[in-house]
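Shown next: start.txt, containing compact mmCIF, C-alpha atoms (C1' of nucleotides).
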# COMPACT_ATOMS: atom_id res chain seq x y z
CA MET A 1 120.73 92.12 86.48
CA GLY A 2 124.22 92.68 85.16
CA ASP A 3 127.51 90.97 85.76
CA GLU A 4 127.85 89.41 89.17
CA SER A 5 131.12 87.62 88.55
CA GLN A 6 132.99 90.10 90.74
CA ALA A 7 130.18 91.02 93.09
CA PRO A 8 131.26 91.10 96.71
CA LEU A 9 130.49 87.93 98.61
CA PRO A 10 128.25 89.59 101.20
CA ARG A 11 126.07 90.79 98.35
CA LEU A 12 125.88 87.31 96.85
CA PHE A 13 124.73 85.96 100.19
CA GLY A 14 122.05 88.61 100.37
CA LEU A 15 120.80 87.78 96.89
CA CYS A 16 120.71 84.04 97.62
CA SER A 17 118.88 84.64 100.86
CA ALA A 18 116.30 86.85 99.17
CA LYS A 19 115.80 84.25 96.48
CA PHE A 20 115.08 81.49 98.96
CA SER A 21 112.65 83.69 100.85
CA GLU A 22 110.78 84.36 97.67
CA GLN A 23 110.58 80.66 96.85
CA LEU A 24 109.28 79.99 100.33
CA LEU A 25 106.52 82.58 100.10
CA HIS A 26 105.60 81.17 96.73
CA ALA A 27 105.34 77.65 98.14
CA LEU A 28 103.09 78.85 100.95
CA TRP A 29 100.90 80.70 98.49
CA ASP A 30 100.59 77.64 96.27
CA ALA A 31 99.61 75.53 99.28
CA GLY A 32 96.69 77.85 100.01
CA PHE A 33 98.25 79.93 102.79
CA THR A 34 97.53 83.15 101.00
CA ASP A 35 96.93 85.32 104.04
CA GLN A 36 100.56 85.42 105.02
CA ARG A 37 103.13 88.13 105.10
CA ALA A 38 106.80 87.75 105.88
CA VAL A 39 105.63 87.17 109.44
CA TYR A 40 106.45 83.52 109.10
CA ASP A 41 110.19 84.13 109.20
CA ARG A 42 109.91 86.21 112.33
CA VAL A 43 107.71 84.00 114.45
CA PHE A 44 107.33 80.43 113.25
CA PRO A 45 110.98 79.36 113.59
CA PHE A 46 110.91 80.19 117.28
CA VAL A 47 107.75 78.45 118.40
CA PRO A 48 108.59 75.04 119.90
CA PRO A 49 106.14 72.11 119.78
CA GLU A 50 105.25 72.40 123.45
CA GLY A 51 104.44 76.11 123.24
CA ILE A 52 106.27 79.10 124.66
CA ARG A 53 105.64 82.29 126.59
CA LEU A 54 105.48 85.65 124.83
CA THR A 55 108.56 87.12 126.49
CA ALA A 56 110.70 84.09 125.71
CA LEU A 57 109.46 84.08 122.13
CA ALA A 58 110.31 87.75 121.72
CA ASP A 59 113.79 87.15 123.14
CA ARG A 60 114.41 84.29 120.75
CA ALA A 61 113.34 86.39 117.79
CA GLY A 62 115.36 89.39 118.96
CA MET A 63 112.32 91.63 119.27
CA THR A 64 110.39 93.48 121.96
CA LYS A 65 107.51 91.66 123.58
CA GLN A 66 105.15 94.37 122.37
CA ALA A 67 106.09 93.82 118.76
CA MET A 68 105.89 90.06 119.11
CA SER A 69 102.54 90.35 120.86
CA GLU A 70 101.08 92.09 117.84
CA LEU A 71 102.47 89.52 115.41
CA VAL A 72 101.19 86.67 117.54
CA GLY A 73 97.79 88.36 117.78
CA ASP A 74 97.59 88.50 114.00
CA LEU A 75 98.60 84.87 113.64
CA VAL A 76 96.07 83.88 116.29
CA SER A 77 93.27 85.66 114.47
CA MET A 78 94.36 83.93 111.26
CA GLY A 79 94.15 80.60 113.02
CA TYR A 80 97.82 79.62 112.98
CA LEU A 81 98.55 80.04 116.68
CA GLN A 82 96.62 79.80 119.93
CA ARG A 83 97.10 81.38 123.33
CA SER A 84 96.25 79.30 126.39
CA PRO A 85 96.82 80.10 130.07
CA ASP A 86 100.06 78.80 131.51
CA PRO A 87 99.12 76.44 134.36
CA ALA A 88 102.42 77.21 136.08
CA ASP A 89 102.04 81.00 136.08
CA GLY A 90 98.85 83.00 136.34
CA ARG A 91 100.32 85.96 134.47
CA ALA A 92 101.64 84.04 131.48
CA LYS A 93 100.05 82.45 128.44
CA LEU A 94 101.44 79.67 126.32
CA ILE A 95 101.65 80.31 122.60
CA ALA A 96 101.49 77.21 120.43
CA PHE A 97 100.60 76.06 116.93
CA THR A 98 97.07 75.09 115.98
CA ASP A 99 96.46 72.28 113.47
CA ARG A 100 96.39 74.88 110.73
CA GLY A 101 99.67 76.24 112.07
CA TRP A 102 101.25 72.80 111.89
CA ALA A 103 100.05 72.39 108.33
CA ALA A 104 101.78 75.65 107.41
CA VAL A 105 104.94 74.54 109.18
CA GLU A 106 104.88 71.33 107.23
CA THR A 107 104.58 73.31 104.01
CA VAL A 108 107.59 75.39 104.99
CA LEU A 109 109.66 72.30 105.76
CA ALA A 110 108.62 70.70 102.49
CA SER A 111 109.74 73.82 100.67
CA PHE A 112 113.10 73.64 102.42
CA ARG A 113 113.42 70.02 101.38
CA ASP A 114 112.58 70.99 97.80
CA VAL A 115 115.26 73.65 97.81
CA GLU A 116 117.82 71.22 99.18
CA ALA A 117 116.86 68.54 96.68
CA SER A 118 117.18 71.05 93.86
CA LEU A 119 120.58 72.14 95.08
CA LEU A 120 121.69 68.55 95.48
CA GLY A 121 120.75 67.88 91.90
CA ARG A 122 122.65 70.90 90.67
CA LEU A 123 125.73 70.72 92.85
CA GLY A 124 126.15 67.04 93.56
CA GLU A 125 126.64 65.44 96.92
CA ARG A 126 130.23 66.44 97.50
CA ARG A 127 129.80 70.16 96.83
CA MET A 128 126.57 70.13 98.81
CA ARG A 129 128.34 68.77 101.89
CA GLU A 130 131.13 71.28 101.38
CA LEU A 131 128.67 74.17 101.09
CA ARG A 132 126.92 73.25 104.31
CA ARG A 133 130.23 72.86 106.11
CA THR A 134 131.44 76.21 104.84
CA LEU A 135 128.27 78.02 105.86
CA MET A 136 128.43 76.59 109.34
CA GLU A 137 132.05 77.59 109.68
CA LEU A 138 131.14 81.14 108.73
CA LEU A 139 128.53 81.24 111.46
CA ASP A 140 130.92 79.84 114.08
CA ASP A 141 131.94 83.32 115.03
CA ALA A 142 135.56 84.18 114.28
CA MET B 1 121.76 79.78 119.55
CA GLY B 2 121.42 75.99 119.62
CA ASP B 3 122.48 73.26 117.26
CA GLU B 4 122.57 74.30 113.64
CA SER B 5 124.15 71.15 112.26
CA GLN B 6 120.87 70.12 110.64
CA ALA B 7 119.42 73.55 110.07
CA PRO B 8 117.88 73.93 106.63
CA LEU B 9 120.17 75.55 104.08
CA PRO B 10 117.88 78.52 103.38
CA ARG B 11 118.06 79.37 107.06
CA LEU B 12 121.86 79.17 107.06
CA PHE B 13 121.95 81.59 104.17
CA GLY B 14 119.70 83.98 106.03
CA LEU B 15 121.91 83.84 109.12
CA CYS B 16 125.08 84.43 107.10
CA SER B 17 123.49 87.33 105.30
CA ALA B 18 122.34 88.92 108.54
CA LYS B 19 125.80 88.50 110.01
CA PHE B 20 127.47 90.28 107.13
CA SER B 21 124.96 93.12 107.30
CA GLU B 22 125.73 93.57 110.94
CA GLN B 23 129.47 93.66 110.29
CA LEU B 24 128.90 96.26 107.60
CA LEU B 25 126.87 98.54 109.84
CA HIS B 26 129.54 98.15 112.49
CA ALA B 27 132.28 99.14 110.04
CA LEU B 28 130.33 102.25 109.03
CA TRP B 29 129.78 103.17 112.64
CA ASP B 30 133.46 102.77 113.43
CA ALA B 31 134.36 104.98 110.46
CA GLY B 32 132.26 107.80 111.87
CA PHE B 33 129.13 107.35 109.75
CA THR B 34 126.90 107.11 112.77
CA ASP B 35 123.84 108.74 111.30
CA GLN B 36 123.02 105.81 109.09
CA ARG B 37 120.22 103.34 109.06
CA ALA B 38 119.86 100.30 106.83
CA VAL B 39 119.21 102.82 104.07
CA TYR B 40 122.62 102.13 102.63
CA ASP B 41 121.63 98.72 101.31
CA ARG B 42 118.57 100.13 99.60
CA VAL B 43 120.04 103.11 97.83
CA PHE B 44 123.82 103.20 97.62
CA PRO B 45 124.31 100.07 95.50
CA PHE B 46 122.17 101.56 92.75
CA VAL B 47 123.69 105.02 92.39
CA PRO B 48 126.18 105.08 89.50
CA PRO B 49 129.18 107.45 89.46
CA GLU B 50 127.64 109.75 86.84
CA GLY B 51 124.37 110.15 88.75
CA ILE B 52 120.90 108.85 87.99
CA ARG B 53 117.31 110.01 87.87
CA LEU B 54 114.89 109.23 90.66
CA THR B 55 112.60 107.01 88.61
CA ALA B 56 115.47 104.94 87.26
CA LEU B 57 116.93 104.61 90.74
CA ALA B 58 113.61 103.43 92.14
CA ASP B 59 113.29 100.88 89.35
CA ARG B 60 116.75 99.52 90.02
CA ALA B 61 116.03 99.17 93.70
CA GLY B 62 112.62 97.60 93.08
CA MET B 63 110.77 100.37 94.88
CA THR B 64 108.25 103.10 94.11
CA LYS B 65 109.60 106.50 93.22
CA GLN B 66 107.79 107.97 96.22
CA ALA B 67 109.58 105.69 98.64
CA MET B 68 112.91 106.28 96.96
CA SER B 69 112.32 110.01 96.94
CA GLU B 70 112.00 110.01 100.70
CA LEU B 71 115.14 107.93 101.20
CA VAL B 72 117.09 110.15 98.84
CA GLY B 73 115.77 113.22 100.63
CA ASP B 74 117.07 111.90 103.91
CA LEU B 75 120.45 111.05 102.43
CA VAL B 76 120.63 114.50 100.84
CA SER B 77 119.96 116.21 104.14
CA MET B 78 122.63 114.02 105.74
CA GLY B 79 125.08 115.13 103.08
CA TYR B 80 125.63 111.83 101.29
CA LEU B 81 123.79 112.61 98.07
CA GLN B 82 122.99 115.72 96.02
CA ARG B 83 120.20 116.56 93.61
CA SER B 84 121.06 118.68 90.60
CA PRO B 85 118.90 119.64 87.60
CA ASP B 86 119.23 117.35 84.60
CA PRO B 87 120.43 119.53 81.70
CA ALA B 88 118.73 117.16 79.24
CA ASP B 89 115.27 117.26 80.86
CA GLY B 90 113.70 120.13 82.71
CA ARG B 91 111.52 117.84 84.82
CA ALA B 92 114.26 115.55 86.02
CA LYS B 93 117.01 115.86 88.60
CA LEU B 94 120.25 113.91 88.73
CA ILE B 95 121.02 112.17 92.00
CA ALA B 96 124.72 111.62 92.69
CA PHE B 97 127.16 111.09 95.54
CA THR B 98 128.77 113.98 97.35
CA ASP B 99 132.34 113.71 98.62
CA ARG B 100 130.98 112.50 101.91
CA GLY B 101 128.91 109.94 100.03
CA TRP B 102 131.97 108.63 98.24
CA ALA B 103 133.79 108.34 101.53
CA ALA B 104 130.97 106.18 102.88
CA VAL B 105 130.99 104.06 99.72
CA GLU B 106 134.71 103.53 100.16
CA THR B 107 134.10 102.40 103.73
CA VAL B 108 131.53 99.90 102.56
CA LEU B 109 133.87 98.51 99.93
CA ALA B 110 136.66 98.27 102.45
CA SER B 111 134.36 96.33 104.76
CA PHE B 112 133.54 93.93 101.93
CA ARG B 113 137.25 93.44 101.31
CA ASP B 114 137.78 92.77 105.00
CA VAL B 115 135.07 90.15 105.01
CA GLU B 116 136.55 88.46 101.96
CA ALA B 117 140.03 88.55 103.41
CA SER B 118 138.77 87.02 106.63
CA LEU B 119 136.97 84.29 104.74
CA LEU B 120 140.01 83.64 102.62
CA GLY B 121 142.07 83.17 105.75
CA ARG B 122 139.58 80.77 107.22
CA LEU B 123 138.63 78.78 104.16
CA GLY B 124 141.70 78.87 102.02
CA GLU B 125 141.86 79.78 98.38
CA ARG B 126 140.38 76.62 96.95
CA ARG B 127 137.25 76.55 99.10
CA MET B 128 136.84 80.29 98.61
CA ARG B 129 136.76 79.92 94.85
CA GLU B 130 134.38 77.01 95.20
CA LEU B 131 132.05 79.01 97.45
CA ARG B 132 131.88 81.89 95.03
CA ARG B 133 131.26 79.54 92.14
CA THR B 134 128.50 77.75 94.03
CA LEU B 135 126.76 80.98 95.04
CA MET B 136 126.79 82.25 91.48
CA GLU B 137 125.38 78.97 90.22
CA LEU B 138 122.54 79.25 92.71
CA LEU B 139 121.69 82.70 91.41
CA ASP B 140 121.79 81.58 87.78
CA ASP B 141 118.13 80.77 87.92
CA ALA B 142 117.30 77.08 87.55
C1' DC C 1 103.60 90.80 154.78
C1' DC C 2 105.67 93.97 151.89
C1' DT C 3 108.95 94.95 148.35
C1' DT C 4 110.79 93.79 144.03
C1' DT C 5 110.65 91.42 139.81
C1' DT C 6 108.36 89.47 135.90
C1' DC C 7 104.36 88.77 132.35
C1' DG C 8 101.65 90.73 129.31
C1' DT C 9 99.01 94.87 127.63
C1' DC C 10 97.85 99.67 126.28
C1' DA C 11 99.28 103.96 124.17
C1' DA C 12 101.96 106.82 121.41
C1' DG C 13 105.39 107.42 118.01
C1' DC C 14 108.82 106.52 114.28
C1' DA C 15 110.52 104.40 109.91
C1' DT C 16 109.68 102.40 105.67
C1' DC C 17 107.10 101.14 102.45
C1' DC C 18 102.45 101.50 99.57
C1' DT C 19 98.38 103.66 96.32
C1' DG C 20 96.16 107.60 94.37
C1' DA C 21 96.01 112.27 92.77
C1' DC C 22 98.36 116.08 91.05
C1' DT C 23 101.77 119.75 88.44
C1' DA C 24 105.04 120.64 85.13
C1' DA C 25 107.78 119.46 81.30
C1' DA C 26 108.57 116.69 77.20
C1' DG C 27 107.41 114.23 73.19
C1' DT C 28 104.02 113.50 69.10
C1' DG C 29 100.79 113.82 65.30
C1' DG C 30 98.03 116.63 62.72
C1' DC D 1 102.02 125.64 66.23
C1' DC D 2 98.67 123.31 69.07
C1' DA D 3 96.13 119.88 71.42
C1' DC D 4 97.07 115.05 73.31
C1' DT D 5 99.49 111.74 75.62
C1' DT D 6 103.37 110.28 78.27
C1' DT D 7 106.90 110.89 81.72
C1' DA D 8 109.44 113.02 86.13
C1' DG D 9 108.81 114.17 90.41
C1' DT D 10 105.91 115.71 94.54
C1' DC D 11 102.06 115.81 97.92
C1' DA D 12 98.73 113.45 100.82
C1' DG D 13 97.02 109.59 103.23
C1' DG D 14 97.43 104.98 104.96
C1' DA D 15 99.31 100.18 106.23
C1' DT D 16 102.91 97.56 108.42
C1' DG D 17 106.38 96.46 111.59
C1' DC D 18 108.99 97.94 114.75
C1' DT D 19 110.30 101.11 119.08
C1' DT D 20 110.06 103.28 124.17
C1' DG D 21 107.32 104.30 128.23
C1' DA D 22 103.82 103.41 131.60
C1' DC D 23 100.88 100.39 133.71
C1' DG D 24 98.01 96.36 136.44
C1' DA D 25 98.27 91.81 137.97
C1' DA D 26 100.65 87.85 139.52
C1' DA D 27 104.81 85.74 141.40
C1' DA D 28 109.06 85.56 144.21
C1' DG D 29 111.84 86.42 148.10
C1' DG D 30 113.21 88.48 151.83

Hey, can you dump this file as structure tokens for me?
Amino acid sequence: MGDESQAPLPRLFGLCSAKFSEQLLHALWDAGFTDQRAVYDRVFPFVPPEGIRLTALADRAGMTKQAMSELVGDLVSMGYLQRSPDPADGRAKLIAFTDRGWAAVETVLASFRDVEASLLGRLGERRMRELRRTLMELLDDA
Amino acid sequence: MGDESQAPLPRLFGLCSAKFSEQLLHALWDAGFTDQRAVYDRVFPFVPPEGIRLTALADRAGMTKQAMSELVGDLVSMGYLQRSPDPADGRAKLIAFTDRGWAAVETVLASFRDVEASLLGRLGERRMRELRRTLMELLDDA
DNA sequence: CCTTTTCGTCAAGCATCCTGACTAAAGTGG
DNA sequence: CCACTTTAGTCAGGATGCTTGACGAAAAGG
């Protein structure tokens, strides 16, 4: 890959991010969720336990409702999500996880925990805390 | 955006990465390179000063030569890249930056420097060094 | 009521990738 | 020098993941 010792920081962040994504996909594959694309990242993080409407979900994910509708449709037909009528609004439907969906979520969370445990082992507790603090400061818009 | 204080680290990395990308696109836009897409990230980092052949460029970027050919074609018609015959091989063409391409590269590098300067101001020199060291350790495959 | 807004869908299109098939040039072994 | 195989790039077709625009049905608010 070449020498990264002077690579610009934004690039390092991109590489780290890509690496974690790859590990995550790998973990899902190993757990038997082989029918997945990168769709997980786009949809799963924004579905709350109690379910959510399509428009709100699309807003959260920063996407149009049409695009989100197609993704949700795919995940429904794969058995990860379900659509049920919203009792409070005849136009809307509530999108929520199925049991299979929850199992996949649990796999994702376990993978996150694995990554964090691995980092903890490599960096130690102090540097780990510092890293998290630094990342959150970076996101706290300047 | 909600509380991120317990967000998983992989997610924090993704958010940071996305934020930097956005800043970069913004910097390009402000510098007058308004005809750009995210194509920069995919192509520019892999074009060396002396030029490169399509197949090698595609390999570097982890893409098929067909996909890269289309991207390069777009960037050629926008005036950022040029294709010239390779004197050493009648089949091949050398892909290299035009003057306009170099100007865009310089803008990108300046944006990276801005980001680093901003981080330095916020984190201080010690934490900055530590961050870079940590990121590089993470990429040094376990 | 009747008008306006909101929820979700359908349709068409664009961008970015892929696989497969092909031409032309270059190397390679008698 | 001449087949034979490999390599460089292109053409064609298709999948995916997004977009904008238009629409019907339900809700909201005078």

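Straight-line separation from atom CA of A:Thr55 to atom C1' of C:DC17: 27.9 Å.
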
Could you pull the residues within 12 Å of D:DA25, counting all atoms listed in the file, minus those fewer than 6 positions along the same chain, as a ChimeraX atom specification?
/A:89-92 /C:6-9

Test item: which residues lie within 10 Å of (96.9, 85.1, 105.6) counting only C-alpha atoms (C1' of nucleotides), as a PDB file with C-alpha atoms, keeping the file's coordinate frame:
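point.pdb written:
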ATOM      1  CA  LEU A  28     103.090  78.850 100.950  1.00  0.00           C
ATOM      2  CA  TRP A  29     100.900  80.700  98.490  1.00  0.00           C
ATOM      3  CA  GLY A  32      96.690  77.850 100.010  1.00  0.00           C
ATOM      4  CA  PHE A  33      98.250  79.930 102.790  1.00  0.00           C
ATOM      5  CA  THR A  34      97.530  83.150 101.000  1.00  0.00           C
ATOM      6  CA  ASP A  35      96.930  85.320 104.040  1.00  0.00           C
ATOM      7  CA  GLN A  36     100.560  85.420 105.020  1.00  0.00           C
ATOM      8  CA  ARG A  37     103.130  88.130 105.100  1.00  0.00           C
ATOM      9  CA  VAL A  39     105.630  87.170 109.440  1.00  0.00           C
ATOM     10  CA  ASP A  74      97.590  88.500 114.000  1.00  0.00           C
ATOM     11  CA  LEU A  75      98.600  84.870 113.640  1.00  0.00           C
ATOM     12  CA  SER A  77      93.270  85.660 114.470  1.00  0.00           C
ATOM     13  CA  MET A  78      94.360  83.930 111.260  1.00  0.00           C
ATOM     14  CA  GLY A  79      94.150  80.600 113.020  1.00  0.00           C
ATOM     15  CA  TYR A  80      97.820  79.620 112.980  1.00  0.00           C
TER      16      TYR A  80
END

Could you name the residues that touch D:DA15 at 12 Å or less, counting all atoms listed in the file, but leaving out those on the same chain fewer than 3 positions away, as a short mmCIF file (atom, residue, chain, number, x, y, z; two decimals) with C-alpha atoms (C1' of nucleotides), in the coordinates of the input?
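Contents of around.cif, freshly written:
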data_model
loop_
_atom_site.label_atom_id
_atom_site.label_comp_id
_atom_site.auth_asym_id
_atom_site.auth_seq_id
_atom_site.Cartn_x
_atom_site.Cartn_y
_atom_site.Cartn_z
"C1'" DT C 16 109.68 102.40 105.67
"C1'" DC C 17 107.10 101.14 102.45
"C1'" DC C 18 102.45 101.50 99.57
"C1'" DT C 19 98.38 103.66 96.32
#

Write down, as a PyMOL selection string, each residue of chain D that has any atom within 12 Å of an atom of chain A, counting all atoms listed in the file.
chain D and resi 16-21+24-28

Just the residues within 12 Å of C:DG20, please, counting only C-alpha atoms (C1' of nucleotides), with nothing from its chain fewer than 5 positions along; format it as a PyMOL selection string.
(chain B and resi 66) or (chain D and resi 11-14)

Any idea which chain B residues end up within 8 Å of chain A if we count all atoms listed in the file, as a list in words please?
Glu4, Ser5, Pro8, Leu9, Pro10, Leu12, Phe13, Gly14, Leu15, Cys16, Ser17, Lys19, Phe20, Ser21, Phe112, Arg113, Val115, Glu116, Leu119, Leu123, Leu131, Arg132, Thr134, Leu135, Met136, Leu138 and Leu139 of chain B

Once N, CA and C atoms are restored for stretch 117-141 of chain B, what would the output be as a tab-separated table (two decimals), in the coordinates of the input?
chain	number	residue	atom	x	y	z
B	117	ALA	N	138.69	88.94	102.93
B	117	ALA	CA	140.03	88.55	103.41
B	117	ALA	C	139.91	87.60	104.59
B	118	SER	N	138.96	87.89	105.47
B	118	SER	CA	138.77	87.02	106.63
B	118	SER	C	138.34	85.63	106.19
B	119	LEU	N	137.42	85.59	105.24
B	119	LEU	CA	136.97	84.29	104.74
B	119	LEU	C	138.11	83.54	104.08
B	120	LEU	N	138.89	84.27	103.31
B	120	LEU	CA	140.01	83.64	102.62
B	120	LEU	C	140.95	82.99	103.64
B	121	GLY	N	141.19	83.72	104.73
B	121	GLY	CA	142.07	83.17	105.75
B	121	GLY	C	141.50	81.93	106.39
B	122	ARG	N	140.19	81.89	106.51
B	122	ARG	CA	139.58	80.77	107.22
B	122	ARG	C	139.34	79.58	106.31
B	123	LEU	N	139.03	79.87	105.06
B	123	LEU	CA	138.63	78.78	104.16
B	123	LEU	C	139.76	78.31	103.27
B	124	GLY	N	140.68	79.20	102.99
B	124	GLY	CA	141.70	78.87	102.02
B	124	GLY	C	141.22	79.20	100.62
B	125	GLU	N	142.17	79.26	99.70
B	125	GLU	CA	141.86	79.78	98.38
B	125	GLU	C	140.93	78.86	97.59
B	126	ARG	N	141.16	77.56	97.74
B	126	ARG	CA	140.38	76.62	96.95
B	126	ARG	C	138.90	76.67	97.34
B	127	ARG	N	138.64	76.56	98.66
B	127	ARG	CA	137.25	76.55	99.10
B	127	ARG	C	136.60	77.91	98.85
B	128	MET	N	137.37	78.95	98.89
B	128	MET	CA	136.84	80.29	98.61
B	128	MET	C	136.34	80.37	97.17
B	129	ARG	N	137.17	79.91	96.25
B	129	ARG	CA	136.76	79.92	94.85
B	129	ARG	C	135.51	79.08	94.66
B	130	GLU	N	135.50	77.94	95.31
B	130	GLU	CA	134.38	77.01	95.20
B	130	GLU	C	133.09	77.66	95.72
B	131	LEU	N	133.22	78.36	96.85
B	131	LEU	CA	132.05	79.01	97.45
B	131	LEU	C	131.48	80.04	96.49
B	132	ARG	N	132.35	80.87	95.95
B	132	ARG	CA	131.88	81.89	95.03
B	132	ARG	C	131.21	81.27	93.81
B	133	ARG	N	131.83	80.20	93.31
B	133	ARG	CA	131.26	79.54	92.14
B	133	ARG	C	129.88	78.97	92.47
B	134	THR	N	129.78	78.34	93.63
B	134	THR	CA	128.50	77.75	94.03
B	134	THR	C	127.43	78.82	94.18
B	135	LEU	N	127.75	79.93	94.83
B	135	LEU	CA	126.76	80.98	95.04
B	135	LEU	C	126.27	81.52	93.70
B	136	MET	N	127.20	81.70	92.77
B	136	MET	CA	126.79	82.25	91.48
B	136	MET	C	125.93	81.25	90.72
B	137	GLU	N	126.22	79.98	90.88
B	137	GLU	CA	125.38	78.97	90.22
B	137	GLU	C	123.96	79.01	90.79
B	138	LEU	N	123.86	79.21	92.09
B	138	LEU	CA	122.54	79.25	92.71
B	138	LEU	C	121.73	80.42	92.18
B	139	LEU	N	122.41	81.51	91.88
B	139	LEU	CA	121.69	82.70	91.41
B	139	LEU	C	121.35	82.62	89.92
B	140	ASP	N	122.08	81.78	89.21
B	140	ASP	CA	121.79	81.58	87.78
B	140	ASP	C	120.52	80.76	87.65
B	141	ASP	N	119.42	81.41	87.73
B	141	ASP	CA	118.13	80.77	87.92
B	141	ASP	C	118.05	79.38	87.28
